[in-house]
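First the structure, in the form of structure tokens, and then the observations on it.
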Amino acid sequence: SVEGSQSSRESMPSMSSANRGRAVLIALGSVWLFLATGICFYHFVEGWGVIDSLYFCTVVLTTVGYGDLTPTRTVSKMFTVLYVILAISIILAIVSYLVDLIVEKNEEMLLNALATQVEDETPLGHLTKEEKSSIAASLGIFAVVCFVGGAFFHVVDGFSLLDAVYFVVITSSTVGFGDMDPQTRLSRGFAVFFLVLSTLSLARAVGVITGARAAVKQREVAHRTLTARFTNNIFMEMDKDGDGEVDRLEFLTVMLMKLGKVDKETVDDILEEFDERDVDHSGTISLAEAGLTTTKSKYRRTPSRRH
């Protein structure tokens with residue numbers, strides 16, 4: 001049973017990784033299809049070059065909106081209305097996916113909150129070494145992207161150092177005032193990559209910092225919940241069978257509910273399912289009740305294989 005539980009835990013991350021990989025491929029495919037459609041339309045309808053069309057589509061997708069290129073024809077404006085709505089939908093889907101990743105990561109941190117506290121000896125209310133490293137790495141990546149972008153526009157477009165810093169910050173934050181924009185075809189081609197990298201690196205840095213601060217709060221909540229002194233109400237809530245004692249299962253169930261990891265309805269459904277399978281009401285499920293034919297000798301041999 002130990003080997004079985006270990007194998008099941010090992011299989012869960014791989015399944016999650018597979019689903020995550022498919023989601024990333026779908027997202028990338030959607031983005032490339034979005035860009036390809038826009039490039040073809042604006043190239044043939046507006047007469048823009050491929051680089052200018054790709055540049056405009058990227059500006060729309062990242063919601064920067066410089067304003068240096070705009071649709072001029074009626075059909076182009078109608079198409080752009082739908083194109084912008086589609087761009088917002090893609091952005092919302094990506095943001096939703098990133099939020100799910102952050103929530104999943106924070107749930108793992110919450111489940112291991114006290115273990116992390118002991119192993120890292122991190123005081124409550126402080127970031128762990130891993131969280132500090134993640135924040136430093138994300139901010140470092142954003143700084144490198146901004147430095148490369150600023151240096152490029154300073155050299156190629158002739159922006160002053162202040163204007164270059166101003167431009168990359170306005171661009172990465174997707175504010176896009178429109179008072180400055182890439183001046184040459186080369187800089188527009190570079191901007192296609194810079195827009196994506198700068199906005200994503202800033203979004204990641206903000207997400208990492210937000211997630212780390214949320215993890216700190218969650219550890220504090222977990223510590224307060226798990227170390228709270230018993231009261232009559234709490235004890236009665238845990239003592240489900242009313243025998244005047246709280247066993248491990250009762251303690252675990254209530255604590256999971258207090259930590260928000262499971263709700264009462266889910267717990268009741270699980271226990272009801274257990275009772276249905278426990279035909280003889282012995283409090284355990286036998287091989288026969290589980291409908292299995294494996295002999296008990298298999299379990300007697302299991303400890304020898306582990307040594």
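By order of appearance in the structure tokens: chains A, B, ..., then residues from 1 within every chain, and ligands from 1 in the order shown.
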
message: Need to verify the contact set: Val155 in chain A, 12 Å, only C-alpha atoms, exclusion of same-chain residues closer than 5 positions in sequence. Can you return it as a ChimeraX atom specification?
response: /A:148-150,160-161,163-164,182-184,186-187

Can you build me a table of range 133-229 of chain A residues sitting at most 9 Å from range 56-66 of chain A, with the closest atom pair per residue and its distance in Å to one decimal, using only C-alpha atoms, sorted by chain and residue number, as JSON lines?
{"residue": "A:Ile170", "atom": "CA", "partner": "A:Val64", "partner_atom": "CA", "distance": 8.5}
{"residue": "A:Thr171", "atom": "CA", "partner": "A:Val64", "partner_atom": "CA", "distance": 6.4}
{"residue": "A:Ser172", "atom": "CA", "partner": "A:Val64", "partner_atom": "CA", "distance": 8.2}
{"residue": "A:Ser173", "atom": "CA", "partner": "A:Val64", "partner_atom": "CA", "distance": 8.0}
{"residue": "A:Thr174", "atom": "CA", "partner": "A:Val64", "partner_atom": "CA", "distance": 4.3}
{"residue": "A:Val175", "atom": "CA", "partner": "A:Val64", "partner_atom": "CA", "distance": 5.8}
{"residue": "A:Gly176", "atom": "CA", "partner": "A:Val64", "partner_atom": "CA", "distance": 4.8}
{"residue": "A:Phe177", "atom": "CA", "partner": "A:Tyr66", "partner_atom": "CA", "distance": 6.4}
{"residue": "A:Gly178", "atom": "CA", "partner": "A:Tyr66", "partner_atom": "CA", "distance": 4.2}
{"residue": "A:Asp179", "atom": "CA", "partner": "A:Tyr66", "partner_atom": "CA", "distance": 7.7}
{"residue": "A:Met180", "atom": "CA", "partner": "A:Tyr66", "partner_atom": "CA", "distance": 7.5}
{"residue": "A:Asp181", "atom": "CA", "partner": "A:Tyr66", "partner_atom": "CA", "distance": 6.3}
{"residue": "A:Ala191", "atom": "CA", "partner": "A:Thr58", "partner_atom": "CA", "distance": 8.6}
{"residue": "A:Val192", "atom": "CA", "partner": "A:Thr58", "partner_atom": "CA", "distance": 6.0}
{"residue": "A:Phe193", "atom": "CA", "partner": "A:Thr58", "partner_atom": "CA", "distance": 8.6}
{"residue": "A:Leu195", "atom": "CA", "partner": "A:Thr62", "partner_atom": "CA", "distance": 7.0}
{"residue": "A:Val196", "atom": "CA", "partner": "A:Thr62", "partner_atom": "CA", "distance": 6.9}
{"residue": "A:Thr199", "atom": "CA", "partner": "A:Thr62", "partner_atom": "CA", "distance": 7.3}

- request: Can you work out the spacing between CA of Asp243 in chain A and CA of Glu272 in chain A in Å, to one decimal?
  value: 19.9 Å

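Among A:Ala27, A:Trp48, A:Asp239, A:Thr72, the residue with the shortest atom-to-atom distance to Ser96 in chain A, counting only C-alpha atoms, is A:Ala27.
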
- request: Within 12 Å of Ile141 in chain A, counting only C-alpha atoms, which residues show up once you throw out same-chain ones fewer than 4 positions away? Write them as an MDAnalysis selection string, please.
  value: chainID A and resid 134:137 145:148 197:205

Contact residues around Arg248 in chain A with only C-alpha atoms at 12 Å, ignoring same-chain residues under 5 positions, as a PyMOL selection string: chain A and resi 238-240+253-255

field: Length of the CA of Tyr83 in chain A to CA of Leu69 in chain A vector [Å]
entry: 14.9 Å

- request: Mind listing the helix (DSSP H, G or I) residues of range 242-302 of chain A, per DSSP on the backbone, as a PyMOL selection string?
  value: chain A and resi 248-258+264-277+287-290+297-302

message: Env of Phe79 in chain A: 10 Å cut, atoms = only C-alpha atoms, seq-sep filter 6 positions within chain, self excluded. Answer as a PyMOL selection string.
response: chain A and resi 38+41-42+71+73

- request: Tell me, as a count of residues only, which residues lie within 12 Å of Thr74 in chain A, counting only C-alpha atoms; anything in the same chain fewer than 6 positions away does not count.
  value: 4

- line: In Å and to one decimal, CA of Leu54 in chain A is distant from CA of Ala151 in chain A by 22.4 Å
